Amino acid sequence: GNEHSENLKAGADARLVRKTPAMYAILGGDYMDNWIVRSLQHLQREQVVPHDEEWIATKYWLSLFGDSILAVIAGNHDNRTPLVSGFDVLREHLFTSVKGGNLLYDPFELIIDVAHGEHITRLKTRHKWRGHSMWNPTHGIERDLRMNDPTWDVGFAGHKHAQCVVREFDHNGEKKYAIQVGTYEYHNEFGRMNGFGKLQGSGSVAFIMWPDGRKMVTEHLDIAAQILQMG
């Protein structure tokens, strides 16, 4: 979820995760615009929401998940604060005010092994992947599996502030998943300036794992919640 924590769908999705048993959130970065780097400060003048209120909105949105946040990575927007000040305010907030600090956090990358029944599925999440392509949104994720790290099963990316893209593909006879997570943003002056196109996408993807090893992915969290509640 990018900076618009007041966005109704962003809040509804967070509350849905909180109230659904066995549903947990892995957050992929860029929780606010954070135009604090000198070359980008002029963009803040275009913002309706001041910088300090962006951070208030971010903390409020994180609170909507309750204890259902499993892991958080920062995005390049979030990492501007430690870059400029040397202090990671996102990390500080997570470990002092969210879920008692009982979660995973990294500014760049997390690899998580999830046990479901006798099966282990390895999730790898980065905000931005090396070699991402404007022609194929999941190229950087798939490239990593083939040329860098062959151990993961599901790769998640953020960064693009666009629509969700989910691709299932074969790697050495095993099904793998490359998932470009979408955005909750409705408008971004920086994106409009650079021709990123219309946003208005779902910001979330649900990856479901059953104890017998089956897996399914959908960008419709309400459908995922219904499946989980069926048991």
# chains A, B, ... in the order shown; residues from 1 in each chain; ligands from 1
call {"tool": "residues_around", "arguments": {"residues": "region 133-149 of chain A", "least_positions_apart": "3", "cutoff": "6 Å", "atoms": "only C-alpha atoms", "output": "list in words"}}
result
Trp129, Arg130 and Ala178 of chain A
call {"tool": "write_last_selection", "arguments": {"atoms": "N, CA, C and O atoms", "output": "tab-separated table (two decimals), in the first residue's frame"}}
result
chain	number	residue	atom	x	y	z
A	129	TRP	N	13.69	-5.64	-7.83
A	129	TRP	CA	14.55	-6.73	-8.25
A	129	TRP	C	15.48	-6.27	-9.37
A	129	TRP	O	15.07	-5.52	-10.26
A	130	ARG	N	16.69	-6.74	-9.32
A	130	ARG	CA	17.65	-6.39	-10.36
A	130	ARG	C	17.22	-6.95	-11.71
A	130	ARG	O	16.80	-8.10	-11.81
A	178	ALA	N	5.94	-15.86	-9.99
A	178	ALA	CA	6.50	-14.51	-9.98
A	178	ALA	C	5.34	-13.54	-9.86
A	178	ALA	O	4.44	-13.53	-10.71
call {"tool": "residues_around", "arguments": {"residues": "Leu221 (chain A)", "least_positions_apart": "5", "cutoff": "12 Å", "atoms": "only C-alpha atoms", "output": "ChimeraX atom specification"}}
result
/A:9-10,12-18,20,23-25,202-208,226-228
call {"tool": "write_last_selection", "arguments": {"atoms": "C-alpha atoms", "output": "compact mmCIF listing (two decimals), in the first residue's frame"}}
result
# COMPACT_ATOMS: atom_id res chain seq x y z
CA LYS A 9 -9.65 -0.32 -0.31
CA ALA A 10 -6.31 -0.15 1.48
CA ALA A 12 -10.66 -2.55 3.94
CA ASP A 13 -7.95 -5.01 2.90
CA ALA A 14 -5.99 -4.43 6.11
CA ARG A 15 -9.09 -5.03 8.23
CA LEU A 16 -9.97 -8.14 6.21
CA VAL A 17 -6.52 -9.63 6.86
CA ARG A 18 -6.85 -8.82 10.58
CA THR A 20 -9.53 -13.62 8.81
CA MET A 23 -4.36 -14.87 6.86
CA TYR A 24 -1.18 -12.86 7.37
CA ALA A 25 0.35 -9.83 5.67
CA SER A 202 -5.56 -3.63 -6.41
CA GLY A 203 -2.64 -3.29 -4.04
CA SER A 204 -2.70 -6.83 -2.71
CA VAL A 205 -2.19 -10.43 -3.75
CA ALA A 206 -3.15 -13.47 -1.67
CA PHE A 207 -1.06 -16.63 -1.89
CA ILE A 208 -2.87 -19.61 -0.35
CA GLN A 226 -13.78 -16.96 1.87
CA ILE A 227 -11.57 -19.93 0.96
CA LEU A 228 -9.68 -19.75 4.25
call {"tool": "closest_residue", "arguments": {"among": "A:Pro21, A:Tyr31, A:Pro82, A:Thr218", "to": "Glu185 (chain A)", "atoms": "only C-alpha atoms"}}
result
A:Tyr31
call {"tool": "closest_residue", "arguments": {"among": "A:Lys124, A:Ile223, A:Val165, A:His93", "to": "Pro150 (chain A)", "atoms": "only C-alpha atoms"}}
result
A:Lys124
call {"tool": "select_by_dssp", "arguments": {"residues": "region 86-157 of chain A", "states": "strand (DSSP E)", "output": "list in words"}}
result
Leu104, Tyr105, Asp106, Glu109, Leu110, Ile111, Ile112, Asp113, Val114, Ala115, His116, His119, Ile120, Thr121, Arg122, Leu123, Lys124, Thr125, Arg126, Val154, Gly155, Phe156 and Ala157 of chain A
call {"tool": "residues_around", "arguments": {"residues": "Pro211 (chain A)", "least_positions_apart": "6", "cutoff": "8 Å", "atoms": "only C-alpha atoms", "output": "PyMOL selection string"}}
result
chain A and resi 116-119
call {"tool": "write_last_selection", "arguments": {"atoms": "C-alpha atoms", "output": "compact mmCIF listing (two decimals), in the first residue's frame"}}
result
# COMPACT_ATOMS: atom_id res chain seq x y z
CA HIS A 116 2.11 -26.06 5.49
CA GLY A 117 1.55 -29.65 6.49
CA GLU A 118 4.68 -31.58 5.53
CA HIS A 119 5.52 -29.07 2.81
call {"tool": "residues_around", "arguments": {"residues": "region 75-81 of chain A", "least_positions_apart": "2", "cutoff": "12 Å", "atoms": "only C-alpha atoms", "output": "PDB file with N, CA and C atoms, in the first residue's frame"}}
result
ATOM      1  N   GLY A   1       0.814  -1.183   0.000  1.00  0.00           N
ATOM      2  CA  GLY A   1       0.000   0.000   0.000  1.00  0.00           C
ATOM      3  C   GLY A   1       0.854   1.241   0.000  1.00  0.00           C
ATOM      4  N   ASN A   2       0.762   2.070  -1.021  1.00  0.00           N
ATOM      5  CA  ASN A   2       1.534   3.293  -1.071  1.00  0.00           C
ATOM      6  C   ASN A   2       0.837   4.382  -0.266  1.00  0.00           C
ATOM      7  N   GLU A   3       1.168   5.659  -0.439  1.00  0.00           N
ATOM      8  CA  GLU A   3       0.954   6.620   0.616  1.00  0.00           C
ATOM      9  C   GLU A   3      -0.489   6.833   1.017  1.00  0.00           C
ATOM     10  N   LEU A  27       4.295  -7.047   3.854  1.00  0.00           N
ATOM     11  CA  LEU A  27       4.170  -5.719   3.259  1.00  0.00           C
ATOM     12  C   LEU A  27       5.415  -5.390   2.447  1.00  0.00           C
ATOM     13  N   GLY A  28       5.196  -4.842   1.237  1.00  0.00           N
ATOM     14  CA  GLY A  28       6.260  -4.766   0.252  1.00  0.00           C
ATOM     15  C   GLY A  28       6.899  -3.418  -0.008  1.00  0.00           C
ATOM     16  N   GLY A  29       6.596  -2.399   0.828  1.00  0.00           N
ATOM     17  CA  GLY A  29       7.339  -1.157   0.681  1.00  0.00           C
ATOM     18  C   GLY A  29       6.581  -0.016   0.036  1.00  0.00           C
ATOM     19  N   ASP A  30       7.160   1.194   0.148  1.00  0.00           N
ATOM     20  CA  ASP A  30       6.598   2.450  -0.360  1.00  0.00           C
ATOM     21  C   ASP A  30       5.269   2.764   0.310  1.00  0.00           C
ATOM     22  N   TYR A  31       5.337   3.036   1.603  1.00  0.00           N
ATOM     23  CA  TYR A  31       4.145   3.308   2.385  1.00  0.00           C
ATOM     24  C   TYR A  31       3.767   4.786   2.364  1.00  0.00           C
ATOM     25  N   MET A  32       4.679   5.630   1.889  1.00  0.00           N
ATOM     26  CA  MET A  32       4.372   7.040   1.679  1.00  0.00           C
ATOM     27  C   MET A  32       5.326   7.578   0.613  1.00  0.00           C
ATOM     28  N   ASP A  33       5.038   8.773   0.093  1.00  0.00           N
ATOM     29  CA  ASP A  33       5.891   9.328  -0.961  1.00  0.00           C
ATOM     30  C   ASP A  33       7.262   9.727  -0.436  1.00  0.00           C
ATOM     31  N   ASN A  34       7.293  10.460   0.693  1.00  0.00           N
ATOM     32  CA  ASN A  34       8.567  10.760   1.354  1.00  0.00           C
ATOM     33  C   ASN A  34       9.545  11.492   0.433  1.00  0.00           C
ATOM     34  N   TRP A  35       9.097  12.613  -0.126  1.00  0.00           N
ATOM     35  CA  TRP A  35       9.932  13.376  -1.063  1.00  0.00           C
ATOM     36  C   TRP A  35      10.952  14.231  -0.296  1.00  0.00           C
ATOM     37  N   ILE A  36      11.882  13.621   0.409  1.00  0.00           N
ATOM     38  CA  ILE A  36      12.814  14.378   1.235  1.00  0.00           C
ATOM     39  C   ILE A  36      14.203  14.508   0.612  1.00  0.00           C
ATOM     40  N   VAL A  37      14.487  13.731  -0.413  1.00  0.00           N
ATOM     41  CA  VAL A  37      15.762  13.880  -1.123  1.00  0.00           C
ATOM     42  C   VAL A  37      15.732  15.213  -1.873  1.00  0.00           C
ATOM     43  N   ARG A  38      16.839  15.950  -1.853  1.00  0.00           N
ATOM     44  CA  ARG A  38      16.848  17.317  -2.383  1.00  0.00           C
ATOM     45  C   ARG A  38      16.315  17.393  -3.804  1.00  0.00           C
ATOM     46  N   SER A  39      16.699  16.469  -4.654  1.00  0.00           N
ATOM     47  CA  SER A  39      16.288  16.537  -6.056  1.00  0.00           C
ATOM     48  C   SER A  39      14.792  16.280  -6.241  1.00  0.00           C
ATOM     49  N   LEU A  40      14.116  15.767  -5.190  1.00  0.00           N
ATOM     50  CA  LEU A  40      12.694  15.446  -5.293  1.00  0.00           C
ATOM     51  C   LEU A  40      11.814  16.329  -4.415  1.00  0.00           C
ATOM     52  N   GLN A  41      12.408  17.228  -3.668  1.00  0.00           N
ATOM     53  CA  GLN A  41      11.629  18.012  -2.716  1.00  0.00           C
ATOM     54  C   GLN A  41      10.578  18.895  -3.390  1.00  0.00           C
ATOM     55  N   HIS A  51       4.145  16.216   4.568  1.00  0.00           N
ATOM     56  CA  HIS A  51       5.033  15.098   4.834  1.00  0.00           C
ATOM     57  C   HIS A  51       4.757  14.452   6.187  1.00  0.00           C
ATOM     58  N   GLU A  54       1.692  12.321   6.065  1.00  0.00           N
ATOM     59  CA  GLU A  54       1.934  11.058   5.373  1.00  0.00           C
ATOM     60  C   GLU A  54       2.378   9.989   6.365  1.00  0.00           C
ATOM     61  N   TRP A  55       3.281  10.356   7.265  1.00  0.00           N
ATOM     62  CA  TRP A  55       3.802   9.403   8.233  1.00  0.00           C
ATOM     63  C   TRP A  55       2.719   9.010   9.236  1.00  0.00           C
ATOM     64  N   THR A  58       0.578   6.530   7.472  1.00  0.00           N
ATOM     65  CA  THR A  58       1.261   5.245   7.360  1.00  0.00           C
ATOM     66  C   THR A  58       1.127   4.457   8.653  1.00  0.00           C
ATOM     67  N   VAL A  72       7.753  -7.242   6.980  1.00  0.00           N
ATOM     68  CA  VAL A  72       7.734  -5.941   6.320  1.00  0.00           C
ATOM     69  C   VAL A  72       9.092  -5.701   5.675  1.00  0.00           C
ATOM     70  N   ILE A  73       9.087  -5.255   4.420  1.00  0.00           N
ATOM     71  CA  ILE A  73      10.300  -4.718   3.824  1.00  0.00           C
ATOM     72  C   ILE A  73      10.036  -3.259   3.460  1.00  0.00           C
ATOM     73  N   LEU A  83      18.611   7.137   4.468  1.00  0.00           N
ATOM     74  CA  LEU A  83      19.641   7.632   3.563  1.00  0.00           C
ATOM     75  C   LEU A  83      20.030   9.062   3.913  1.00  0.00           C
ATOM     76  N   VAL A  84      19.031   9.884   4.212  1.00  0.00           N
ATOM     77  CA  VAL A  84      19.274  11.294   4.498  1.00  0.00           C
ATOM     78  C   VAL A  84      19.669  11.526   5.954  1.00  0.00           C
ATOM     79  N   SER A  85      18.990  10.824   6.876  1.00  0.00           N
ATOM     80  CA  SER A  85      19.181  11.120   8.300  1.00  0.00           C
ATOM     81  C   SER A  85      20.020  10.103   9.051  1.00  0.00           C
ATOM     82  N   GLY A  86      20.155   8.885   8.479  1.00  0.00           N
ATOM     83  CA  GLY A  86      20.845   7.814   9.191  1.00  0.00           C
ATOM     84  C   GLY A  86      19.964   7.100  10.194  1.00  0.00           C
ATOM     85  N   PHE A  87      18.680   7.427  10.246  1.00  0.00           N
ATOM     86  CA  PHE A  87      17.770   6.839  11.223  1.00  0.00           C
ATOM     87  C   PHE A  87      16.588   6.207  10.499  1.00  0.00           C
ATOM     88  N   ASP A  88      16.348   4.916  10.737  1.00  0.00           N
ATOM     89  CA  ASP A  88      15.271   4.184  10.082  1.00  0.00           C
ATOM     90  C   ASP A  88      14.003   4.302  10.928  1.00  0.00           C
ATOM     91  N   VAL A  89      13.157   5.289  10.605  1.00  0.00           N
ATOM     92  CA  VAL A  89      11.955   5.522  11.407  1.00  0.00           C
ATOM     93  C   VAL A  89      10.953   4.384  11.241  1.00  0.00           C
ATOM     94  N   LEU A  90      10.921   3.742  10.068  1.00  0.00           N
ATOM     95  CA  LEU A  90      10.000   2.625   9.859  1.00  0.00           C
ATOM     96  C   LEU A  90      10.377   1.457  10.771  1.00  0.00           C
ATOM     97  N   ARG A  91      11.650   1.126  10.792  1.00  0.00           N
ATOM     98  CA  ARG A  91      12.101   0.042  11.671  1.00  0.00           C
ATOM     99  C   ARG A  91      11.798   0.351  13.132  1.00  0.00           C
ATOM    100  N   GLU A  92      12.073   1.577  13.550  1.00  0.00           N
ATOM    101  CA  GLU A  92      11.825   1.977  14.928  1.00  0.00           C
ATOM    102  C   GLU A  92      10.350   1.818  15.286  1.00  0.00           C
ATOM    103  N   TYR A 105      11.627  -7.874   9.658  1.00  0.00           N
ATOM    104  CA  TYR A 105      11.812  -6.622   8.930  1.00  0.00           C
ATOM    105  C   TYR A 105      13.197  -6.596   8.295  1.00  0.00           C
ATOM    106  N   ASP A 106      13.247  -6.053   7.085  1.00  0.00           N
ATOM    107  CA  ASP A 106      14.517  -5.773   6.432  1.00  0.00           C
ATOM    108  C   ASP A 106      14.290  -4.618   5.450  1.00  0.00           C
ATOM    109  N   PRO A 107      15.257  -3.718   5.319  1.00  0.00           N
ATOM    110  CA  PRO A 107      15.069  -2.601   4.383  1.00  0.00           C
ATOM    111  C   PRO A 107      15.111  -3.006   2.917  1.00  0.00           C
ATOM    112  N   PHE A 108      15.580  -4.243   2.615  1.00  0.00           N
ATOM    113  CA  PHE A 108      15.767  -4.601   1.206  1.00  0.00           C
ATOM    114  C   PHE A 108      15.138  -5.945   0.810  1.00  0.00           C
ATOM    115  N   GLU A 109      15.325  -6.991   1.603  1.00  0.00           N
ATOM    116  CA  GLU A 109      14.935  -8.324   1.143  1.00  0.00           C
ATOM    117  C   GLU A 109      14.668  -9.252   2.318  1.00  0.00           C
ATOM    118  N   THR A 125      10.872 -11.993  -1.022  1.00  0.00           N
ATOM    119  CA  THR A 125      10.249 -10.710  -1.320  1.00  0.00           C
ATOM    120  C   THR A 125      11.279  -9.598  -1.314  1.00  0.00           C
ATOM    121  N   ARG A 126      11.266  -8.820  -2.352  1.00  0.00           N
ATOM    122  CA  ARG A 126      12.081  -7.616  -2.496  1.00  0.00           C
ATOM    123  C   ARG A 126      11.180  -6.505  -3.011  1.00  0.00           C
ATOM    124  N   HIS A 127      11.493  -5.287  -2.639  1.00  0.00           N
ATOM    125  CA  HIS A 127      10.736  -4.177  -3.217  1.00  0.00           C
ATOM    126  C   HIS A 127      11.097  -4.022  -4.695  1.00  0.00           C
ATOM    127  N   LYS A 128      12.369  -4.078  -4.994  1.00  0.00           N
ATOM    128  CA  LYS A 128      12.854  -3.910  -6.364  1.00  0.00           C
ATOM    129  C   LYS A 128      13.854  -5.015  -6.674  1.00  0.00           C
ATOM    130  N   TRP A 129      13.687  -5.636  -7.832  1.00  0.00           N
ATOM    131  CA  TRP A 129      14.548  -6.733  -8.245  1.00  0.00           C
ATOM    132  C   TRP A 129      15.477  -6.266  -9.366  1.00  0.00           C
ATOM    133  N   ALA A 157       7.439  -8.808  -5.819  1.00  0.00           N
ATOM    134  CA  ALA A 157       8.067  -7.517  -6.098  1.00  0.00           C
ATOM    135  C   ALA A 157       7.057  -6.402  -5.887  1.00  0.00           C
ATOM    136  N   GLY A 158       7.563  -5.225  -5.549  1.00  0.00           N
ATOM    137  CA  GLY A 158       6.735  -4.024  -5.474  1.00  0.00           C
ATOM    138  C   GLY A 158       7.256  -3.018  -6.485  1.00  0.00           C
ATOM    139  N   HIS A 159       7.416  -1.775  -6.053  1.00  0.00           N
ATOM    140  CA  HIS A 159       8.155  -0.713  -6.741  1.00  0.00           C
ATOM    141  C   HIS A 159       7.449  -0.081  -7.928  1.00  0.00           C
ATOM    142  N   LYS A 160       6.745  -0.848  -8.759  1.00  0.00           N
ATOM    143  CA  LYS A 160       6.278  -0.315 -10.030  1.00  0.00           C
ATOM    144  C   LYS A 160       5.043   0.578  -9.911  1.00  0.00           C
ATOM    145  N   HIS A 161       4.322   0.544  -8.789  1.00  0.00           N
ATOM    146  CA  HIS A 161       3.147   1.395  -8.607  1.00  0.00           C
ATOM    147  C   HIS A 161       2.175   1.238  -9.784  1.00  0.00           C
TER     148      HIS A 161
END
call {"tool": "closest_residue", "arguments": {"among": "A:Asn172, A:Gln44, A:Val217, A:Ile69", "to": "Asn102 (chain A)", "atoms": "only C-alpha atoms"}}
result
A:Ile69
call {"tool": "atom_distance", "arguments": {"atom1": "CA of Thr96 (chain A)", "atom2": "CA of Val181 (chain A)"}}
result
27.1 Å
call {"tool": "atom_distance", "arguments": {"atom1": "CA of Phe156 (chain A)", "atom2": "CA of Ile26 (chain A)"}}
result
9.6 Å
call {"tool": "atom_distance", "arguments": {"atom1": "CA of Val154 (chain A)", "atom2": "CA of Ile179 (chain A)"}}
result
7.5 Å
call {"tool": "select_by_dssp", "arguments": {"residues": "region 39-170 of chain A", "states": "helix (DSSP H, G or I)", "output": "ChimeraX atom specification"}}
result
/A:39-46,51-63,80-85,89-97,99-101,139-147
call {"tool": "decode", "arguments": {"residues": "region 41-53 of chain A", "atoms": "all heavy atoms", "output": "PDB file, in the first residue's frame"}}
result
ATOM      1  N   GLN A  41      12.408  17.228  -3.668  1.00  0.00           N
ATOM      2  CA  GLN A  41      11.629  18.012  -2.716  1.00  0.00           C
ATOM      3  C   GLN A  41      10.578  18.895  -3.390  1.00  0.00           C
ATOM      4  O   GLN A  41       9.541  19.206  -2.785  1.00  0.00           O
ATOM      5  CB  GLN A  41      12.571  18.872  -1.865  1.00  0.00           C
ATOM      6  CG  GLN A  41      13.344  18.074  -0.836  1.00  0.00           C
ATOM      7  CD  GLN A  41      14.313  18.935  -0.047  1.00  0.00           C
ATOM      8  OE1 GLN A  41      14.452  20.128  -0.296  1.00  0.00           O
ATOM      9  NE2 GLN A  41      14.998  18.333   0.916  1.00  0.00           N
ATOM     10  N   HIS A  42      10.823  19.273  -4.647  1.00  0.00           N
ATOM     11  CA  HIS A  42       9.834  20.109  -5.330  1.00  0.00           C
ATOM     12  C   HIS A  42       8.500  19.378  -5.499  1.00  0.00           C
ATOM     13  O   HIS A  42       7.446  20.013  -5.607  1.00  0.00           O
ATOM     14  CB  HIS A  42      10.369  20.533  -6.708  1.00  0.00           C
ATOM     15  CG  HIS A  42      10.510  19.393  -7.673  1.00  0.00           C
ATOM     16  ND1 HIS A  42      11.552  18.489  -7.625  1.00  0.00           N
ATOM     17  CD2 HIS A  42       9.713  19.006  -8.707  1.00  0.00           C
ATOM     18  CE1 HIS A  42      11.399  17.599  -8.598  1.00  0.00           C
ATOM     19  NE2 HIS A  42      10.303  17.896  -9.267  1.00  0.00           N
ATOM     20  N   LEU A  43       8.535  18.032  -5.518  1.00  0.00           N
ATOM     21  CA  LEU A  43       7.304  17.274  -5.682  1.00  0.00           C
ATOM     22  C   LEU A  43       6.393  17.393  -4.463  1.00  0.00           C
ATOM     23  O   LEU A  43       5.174  17.250  -4.580  1.00  0.00           O
ATOM     24  CB  LEU A  43       7.636  15.796  -5.940  1.00  0.00           C
ATOM     25  CG  LEU A  43       8.320  15.506  -7.280  1.00  0.00           C
ATOM     26  CD1 LEU A  43       8.884  14.098  -7.295  1.00  0.00           C
ATOM     27  CD2 LEU A  43       7.331  15.695  -8.429  1.00  0.00           C
ATOM     28  N   GLN A  44       6.983  17.650  -3.288  1.00  0.00           N
ATOM     29  CA  GLN A  44       6.173  17.780  -2.089  1.00  0.00           C
ATOM     30  C   GLN A  44       5.213  18.967  -2.196  1.00  0.00           C
ATOM     31  O   GLN A  44       4.129  18.957  -1.619  1.00  0.00           O
ATOM     32  CB  GLN A  44       7.079  17.944  -0.859  1.00  0.00           C
ATOM     33  CG  GLN A  44       6.351  17.913   0.477  1.00  0.00           C
ATOM     34  CD  GLN A  44       5.659  16.583   0.733  1.00  0.00           C
ATOM     35  OE1 GLN A  44       6.247  15.534   0.551  1.00  0.00           O
ATOM     36  NE2 GLN A  44       4.385  16.631   1.137  1.00  0.00           N
ATOM     37  N   ARG A  45       5.610  19.978  -2.940  1.00  0.00           N
ATOM     38  CA  ARG A  45       4.742  21.145  -3.103  1.00  0.00           C
ATOM     39  C   ARG A  45       3.456  20.814  -3.853  1.00  0.00           C
ATOM     40  O   ARG A  45       2.473  21.541  -3.768  1.00  0.00           O
ATOM     41  CB  ARG A  45       5.502  22.272  -3.812  1.00  0.00           C
ATOM     42  CG  ARG A  45       6.660  22.832  -3.004  1.00  0.00           C
ATOM     43  CD  ARG A  45       7.155  24.145  -3.600  1.00  0.00           C
ATOM     44  NE  ARG A  45       7.732  23.988  -4.926  1.00  0.00           N
ATOM     45  CZ  ARG A  45       9.025  23.722  -5.141  1.00  0.00           C
ATOM     46  NH1 ARG A  45       9.857  23.590  -4.113  1.00  0.00           N
ATOM     47  NH2 ARG A  45       9.488  23.606  -6.368  1.00  0.00           N
ATOM     48  N   GLU A  46       3.463  19.706  -4.602  1.00  0.00           N
ATOM     49  CA  GLU A  46       2.277  19.280  -5.336  1.00  0.00           C
ATOM     50  C   GLU A  46       1.344  18.437  -4.476  1.00  0.00           C
ATOM     51  O   GLU A  46       0.234  18.118  -4.888  1.00  0.00           O
ATOM     52  CB  GLU A  46       2.698  18.460  -6.575  1.00  0.00           C
ATOM     53  CG  GLU A  46       3.668  19.160  -7.504  1.00  0.00           C
ATOM     54  CD  GLU A  46       3.024  20.330  -8.222  1.00  0.00           C
ATOM     55  OE1 GLU A  46       1.782  20.306  -8.374  1.00  0.00           O
ATOM     56  OE2 GLU A  46       3.754  21.251  -8.639  1.00  0.00           O
ATOM     57  N   GLN A  47       1.807  18.069  -3.276  1.00  0.00           N
ATOM     58  CA  GLN A  47       1.060  17.154  -2.443  1.00  0.00           C
ATOM     59  C   GLN A  47      -0.019  17.870  -1.632  1.00  0.00           C
ATOM     60  O   GLN A  47       0.219  18.933  -1.064  1.00  0.00           O
ATOM     61  CB  GLN A  47       2.000  16.435  -1.460  1.00  0.00           C
ATOM     62  CG  GLN A  47       3.040  15.547  -2.132  1.00  0.00           C
ATOM     63  CD  GLN A  47       2.413  14.296  -2.706  1.00  0.00           C
ATOM     64  OE1 GLN A  47       1.888  14.312  -3.824  1.00  0.00           O
ATOM     65  NE2 GLN A  47       2.458  13.225  -1.957  1.00  0.00           N
ATOM     66  N   VAL A  48      -1.180  17.276  -1.566  1.00  0.00           N
ATOM     67  CA  VAL A  48      -2.239  17.775  -0.706  1.00  0.00           C
ATOM     68  C   VAL A  48      -1.925  17.439   0.754  1.00  0.00           C
ATOM     69  O   VAL A  48      -2.197  18.218   1.667  1.00  0.00           O
ATOM     70  CB  VAL A  48      -3.600  17.169  -1.106  1.00  0.00           C
ATOM     71  CG1 VAL A  48      -4.687  17.591  -0.137  1.00  0.00           C
ATOM     72  CG2 VAL A  48      -3.958  17.570  -2.530  1.00  0.00           C
ATOM     73  N   VAL A  49      -1.309  16.264   0.972  1.00  0.00           N
ATOM     74  CA  VAL A  49      -1.000  15.790   2.320  1.00  0.00           C
ATOM     75  C   VAL A  49       0.436  16.177   2.668  1.00  0.00           C
ATOM     76  O   VAL A  49       1.368  15.790   1.957  1.00  0.00           O
ATOM     77  CB  VAL A  49      -1.169  14.260   2.415  1.00  0.00           C
ATOM     78  CG1 VAL A  49      -0.854  13.773   3.826  1.00  0.00           C
ATOM     79  CG2 VAL A  49      -2.590  13.860   2.020  1.00  0.00           C
ATOM     80  N   PRO A  50       0.658  16.933   3.742  1.00  0.00           N
ATOM     81  CA  PRO A  50       2.028  17.281   4.138  1.00  0.00           C
ATOM     82  C   PRO A  50       2.829  16.050   4.530  1.00  0.00           C
ATOM     83  O   PRO A  50       2.276  14.989   4.843  1.00  0.00           O
ATOM     84  CB  PRO A  50       1.819  18.211   5.352  1.00  0.00           C
ATOM     85  CG  PRO A  50       0.405  18.661   5.258  1.00  0.00           C
ATOM     86  CD  PRO A  50      -0.349  17.556   4.598  1.00  0.00           C
ATOM     87  N   HIS A  51       4.145  16.216   4.568  1.00  0.00           N
ATOM     88  CA  HIS A  51       5.033  15.098   4.834  1.00  0.00           C
ATOM     89  C   HIS A  51       4.757  14.452   6.187  1.00  0.00           C
ATOM     90  O   HIS A  51       4.719  13.215   6.313  1.00  0.00           O
ATOM     91  CB  HIS A  51       6.491  15.569   4.771  1.00  0.00           C
ATOM     92  CG  HIS A  51       7.478  14.487   5.045  1.00  0.00           C
ATOM     93  ND1 HIS A  51       8.114  14.356   6.250  1.00  0.00           N
ATOM     94  CD2 HIS A  51       7.926  13.472   4.265  1.00  0.00           C
ATOM     95  CE1 HIS A  51       8.924  13.311   6.214  1.00  0.00           C
ATOM     96  NE2 HIS A  51       8.825  12.761   5.021  1.00  0.00           N
ATOM     97  N   ASP A  52       4.550  15.258   7.238  1.00  0.00           N
ATOM     98  CA  ASP A  52       4.326  14.683   8.559  1.00  0.00           C
ATOM     99  C   ASP A  52       3.010  13.923   8.629  1.00  0.00           C
ATOM    100  O   ASP A  52       2.904  12.888   9.316  1.00  0.00           O
ATOM    101  CB  ASP A  52       4.390  15.767   9.646  1.00  0.00           C
ATOM    102  CG  ASP A  52       3.367  16.873   9.437  1.00  0.00           C
ATOM    103  OD1 ASP A  52       2.868  17.023   8.303  1.00  0.00           O
ATOM    104  OD2 ASP A  52       3.079  17.588  10.425  1.00  0.00           O
ATOM    105  N   GLU A  53       2.007  14.378   7.867  1.00  0.00           N
ATOM    106  CA  GLU A  53       0.730  13.669   7.861  1.00  0.00           C
ATOM    107  C   GLU A  53       0.802  12.379   7.045  1.00  0.00           C
ATOM    108  O   GLU A  53       0.040  11.441   7.300  1.00  0.00           O
ATOM    109  CB  GLU A  53      -0.374  14.589   7.341  1.00  0.00           C
ATOM    110  CG  GLU A  53      -0.683  15.739   8.294  1.00  0.00           C
ATOM    111  CD  GLU A  53      -1.855  16.590   7.845  1.00  0.00           C
ATOM    112  OE1 GLU A  53      -2.601  16.136   6.941  1.00  0.00           O
ATOM    113  OE2 GLU A  53      -2.022  17.700   8.384  1.00  0.00           O
TER     114      GLU A  53
END
